[in-house]
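What follows is a single structure, written as structure tokens, with notes after it.
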Amino acid sequence: MRQMLLATAAVVVLLTSSGAQADEAAAQRWIDSEFQPSTLSKDEQLKEMQWFIDAAKPFQGMEINVVSETITTHEYEAKTLAKAFTEITGIKVNHDLIQEGDVVEKLQTQMQSGQNVYDAWVNDSDLIGTHFRYQQVRNLTDWMANEGKDVTNPMLDIDDFMGKSFTTGPDGKLYQLPDQQFANLYWFRYDWFTNPDIKAKFKDKYGYELGVPVNWSAYEDIAAFFNDLGEIDGKKVYGHMDYGKKDPSLGWRFTDAWLSMAGNGDKGLPNGKPVDEWGIRVEGCRPAGSSVTRGGDTNGAAAVYSISKYIDWLNKYAPPEAAGMTFSESGPVPAQGQIAQQIFWYTAFTADMVKPGLPVVNADDTPKWRMAPSPHGVYWKDGMKLGYQDAGSWTLLKSTPEDRAKAAWLYAQFTVAKTVSLKKSHVGLTFVRDSDVRDKSFTERAPKLGGLVEFYRSPARVQWTPTGTNVPDYPKLAQLWWQNIGDAASGAKTPQEAMDALATEQDRVLARLERAGVQGECGPKLNEEHPVEYWYEKAKADGTLAPQPPVANEKEKPITVDYDELIKSWEDATAKKN
């Protein structure tokens, strides 16, 4: 009997030893075959993976469920990184990919029911105000220092994450960990803009140089010019691209900071204070109103101007079918080669826009197009945000049991660990780490990415930010946008009527939240209504901007800048900073 016990013990030791070796062997195999390039040496990568192996031991054999929206970056995580994590740690991961709207809907279900639908979520940092106020997610700052300390990667390097300010609440605590980021920039046909004949025709007509538009006035001139030009190389061309179907995706078109580009709200980064780009005013940390009569700016002059320009340009300068398109339908159109510029273009499309053989790609695989900073509207002032940056971020709900949350937190960190993040950045082109975007591998690849690397290395990138903490319930408020702005796009309402309705409906939601008292000391508390002139005077007295009164001439002097000079100025500023 004793001999049998010794023999059994020997087998257990052998299995345990071979299992550990298998984990290390798996890590080494993935490092050699998949996780290159990396900002870490192979020895450093192996050290990081060894930490994951050790930290995962209490959870080996567990099966966890996580979810994200369907984009290239998350497809790589679900198909490749989840498999690697399972082989290295012994924790099985089911990484579901669903539409963004479904992510928010299921997240709400778990928040409302307390049932554990998923163990970890990649949801937009646009929900930071929601998560901070409802306090249904784990505060990661405290979690990493306490309950989750034993499963928090000592090499995580939070300060390396470019979007950490986006996922930080008014209390200074981190509520979400950025997993991918992409910005909403200006896109244009560099080959056409640098064509001597086209440049000469533009200057003859408008009296200034064709270049990257700095303001909306110049963008409008360029759109009209290319439409009037008619054809290039025998193909009909258009000066603008957008979409206008009354559909939930129309809401993203506007909550993704279109109003801030026009000059809505106040100065401040990452979001205007006290009024943000949704037009919501906060007093302290309490949302106090959307309507201009409550000190908000959702239906102010800048907001109405932004909707008016959107509709005008869509109808005059975009392809006729654009008005009936959704976000996903309109996305591939610039790659077909007939669009001169697009003011509202997501860098998430970069990977699909650089594929060899496209009409917008040269024979040497360099792009015929470039991306640049978005032009701003007449109400915009220095110090305001200039556009939107999506930041899909890992989130742990409190309703998830602690052991499952710990295992899921290990996987979340694995997907952004320095061992894997540079390779993931090359696949999806959605940077989250500053060290990745500055790596020499992206210096080498930059000429084929149309300005993406230069933008993310530039000091300008801080002006592109997600929805901020003023929005107390993103799911409830976001759905109001596409319905009301859709009425303006279809002609059922004027821009003013649509924004008045939107502001009123947002205030109703804020009022319901105030009555319910479910968001604590930072929940909504609506201001009393006053004539808008009262708020104009208050802004002057307080040294703030919003709401701004209408300007006499919304067609300001057009300004353009040479793209190559712009890039050089970024490089010079970066070099000076470093």
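Residue names in the structure tokens use chain letters A, B, ... in the order shown, residue numbers from 1 in each chain, and ligand numbers from 1 in the order shown.
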
Residues of stretch 187-262 of chain A at most 9 Å from stretch 467-481 of chain A: nearest atom pair and distance in Å, only C-alpha atoms, as a tab-separated table:
```
residue	atom	partner	partner_atom	distance
A:Pro248	CA	A:Gln479	CA	7.1
A:Leu250	CA	A:Trp481	CA	7.9
A:Gly251	CA	A:Trp481	CA	5.0
A:Trp252	CA	A:Ala478	CA	8.2
A:Phe254	CA	A:Trp481	CA	7.5
A:Thr255	CA	A:Ala478	CA	7.3
A:Asp256	CA	A:Thr467	CA	7.2
A:Ala257	CA	A:Thr467	CA	7.6
```

What does the file look like for those residues with C-alpha atoms, as a short mmCIF file (atom, residue, chain, number, x, y, z; two decimals), in the first residue's frame?
```
data_model
loop_
_atom_site.label_atom_id
_atom_site.label_comp_id
_atom_site.auth_asym_id
_atom_site.auth_seq_id
_atom_site.Cartn_x
_atom_site.Cartn_y
_atom_site.Cartn_z
CA PRO A 248 -29.27 54.09 -34.33
CA LEU A 250 -26.94 58.13 -36.89
CA GLY A 251 -26.69 58.87 -33.17
CA TRP A 252 -22.96 58.01 -33.13
CA PHE A 254 -23.37 63.27 -33.47
CA THR A 255 -22.62 62.06 -29.95
CA ASP A 256 -19.13 61.28 -31.29
CA ALA A 257 -18.32 64.93 -30.79
#
```

Please extract the residues of stretch 364-440 of chain A with a backbone DSSP assignment of strand (DSSP E) and present them as number ranges by chain. A: 370-372, 389-395

Env of A:Asn116: 7 Å cut, atoms = only C-alpha atoms, seq-sep filter 4 positions within chain, self excluded. Answer as a ChimeraX atom specification. /A:110,399-400

With all heavy atoms kept, could you save the residues just selected as a tab-separated table (two decimals), in the first residue's frame?
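This went into result02.tsv:
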```
chain	number	residue	atom	x	y	z
A	110	GLN	N	-27.37	43.08	-17.16
A	110	GLN	CA	-26.65	42.63	-15.97
A	110	GLN	C	-26.71	43.66	-14.85
A	110	GLN	O	-26.87	43.31	-13.68
A	110	GLN	CB	-25.19	42.31	-16.30
A	110	GLN	CG	-24.41	41.79	-15.09
A	110	GLN	CD	-23.13	41.05	-15.44
A	110	GLN	OE1	-23.01	40.53	-16.55
A	110	GLN	NE2	-22.18	41.00	-14.52
A	399	SER	N	-21.41	42.64	-9.89
A	399	SER	CA	-22.27	41.46	-9.81
A	399	SER	C	-21.56	40.19	-10.25
A	399	SER	O	-22.10	39.09	-10.08
A	399	SER	CB	-23.54	41.67	-10.65
A	399	SER	OG	-23.20	42.09	-11.96
A	400	THR	N	-20.38	40.30	-10.81
A	400	THR	CA	-19.58	39.12	-11.19
A	400	THR	C	-18.90	38.55	-9.95
A	400	THR	O	-18.22	39.29	-9.22
A	400	THR	CB	-18.53	39.49	-12.24
A	400	THR	OG1	-19.19	40.00	-13.40
A	400	THR	CG2	-17.68	38.29	-12.62
```

Neighbour list for A:Ala488 as a CSV table (one decimal) with C-alpha atoms, in the first residue's frame, cut-off 9 Å, only C-alpha atoms, skip fewer than 5 positions in-chain:
```csv
chain,number,residue,atom,x,y,z
A,307,ILE,CA,-26.8,70.2,-37.6
A,308,SER,CA,-27.5,72.8,-40.4
A,311,ILE,CA,-27.6,68.5,-43.6
A,493,LYS,CA,-38.1,69.2,-38.3
A,494,THR,CA,-35.8,72.2,-38.7
A,495,PRO,CA,-32.4,71.9,-37.0
A,496,GLN,CA,-33.6,74.3,-34.3
A,497,GLU,CA,-36.7,72.3,-33.7
A,498,ALA,CA,-34.8,69.0,-33.6
A,499,MET,CA,-32.2,70.3,-31.1
```

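Distance check against A:Ser217 using only C-alpha atoms: of A:Met353, A:Met371, A:Leu422, A:Val378, the minimum falls on A:Val378.
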
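Proximity to stretch 532-544 of chain A at 7 Å, evaluated using only C-alpha atoms and with sequence-adjacent residues fewer than 4 positions away removed, yields A:Asp266, A:Val292, A:Thr293, A:Gly295, A:Gln548, A:Pro549.
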
Convert the current residue selection to file output with N, CA and C atoms, as a short mmCIF file (atom, residue, chain, number, x, y, z; two decimals), in the first residue's frame.
```cif
data_model
loop_
_atom_site.label_atom_id
_atom_site.label_comp_id
_atom_site.auth_asym_id
_atom_site.auth_seq_id
_atom_site.Cartn_x
_atom_site.Cartn_y
_atom_site.Cartn_z
N ASP A 266 -17.85 74.08 -23.66
CA ASP A 266 -16.81 74.94 -23.09
C ASP A 266 -15.42 74.42 -23.40
N VAL A 292 -30.62 75.39 -23.17
CA VAL A 292 -29.96 76.68 -22.92
C VAL A 292 -30.64 77.44 -21.79
N THR A 293 -31.92 77.17 -21.55
CA THR A 293 -32.63 77.85 -20.46
C THR A 293 -32.18 77.34 -19.09
N GLY A 295 -28.83 76.56 -18.76
CA GLY A 295 -27.38 76.75 -18.81
C GLY A 295 -26.66 75.72 -19.64
N GLN A 548 -23.01 79.91 -26.13
CA GLN A 548 -22.59 81.09 -26.88
C GLN A 548 -23.77 81.68 -27.65
N PRO A 549 -23.85 83.00 -27.75
CA PRO A 549 -24.88 83.61 -28.60
C PRO A 549 -24.54 83.41 -30.07
#
```

Quick check for you: according to DSSP on this backbone, which residues of stretch 50-183 of chain A are classed as helix (DSSP H, G or I)? Reply as a ChimeraX atom specification. /A:50-59,72-89,100-113,125-134,140-145,149-151,158-160
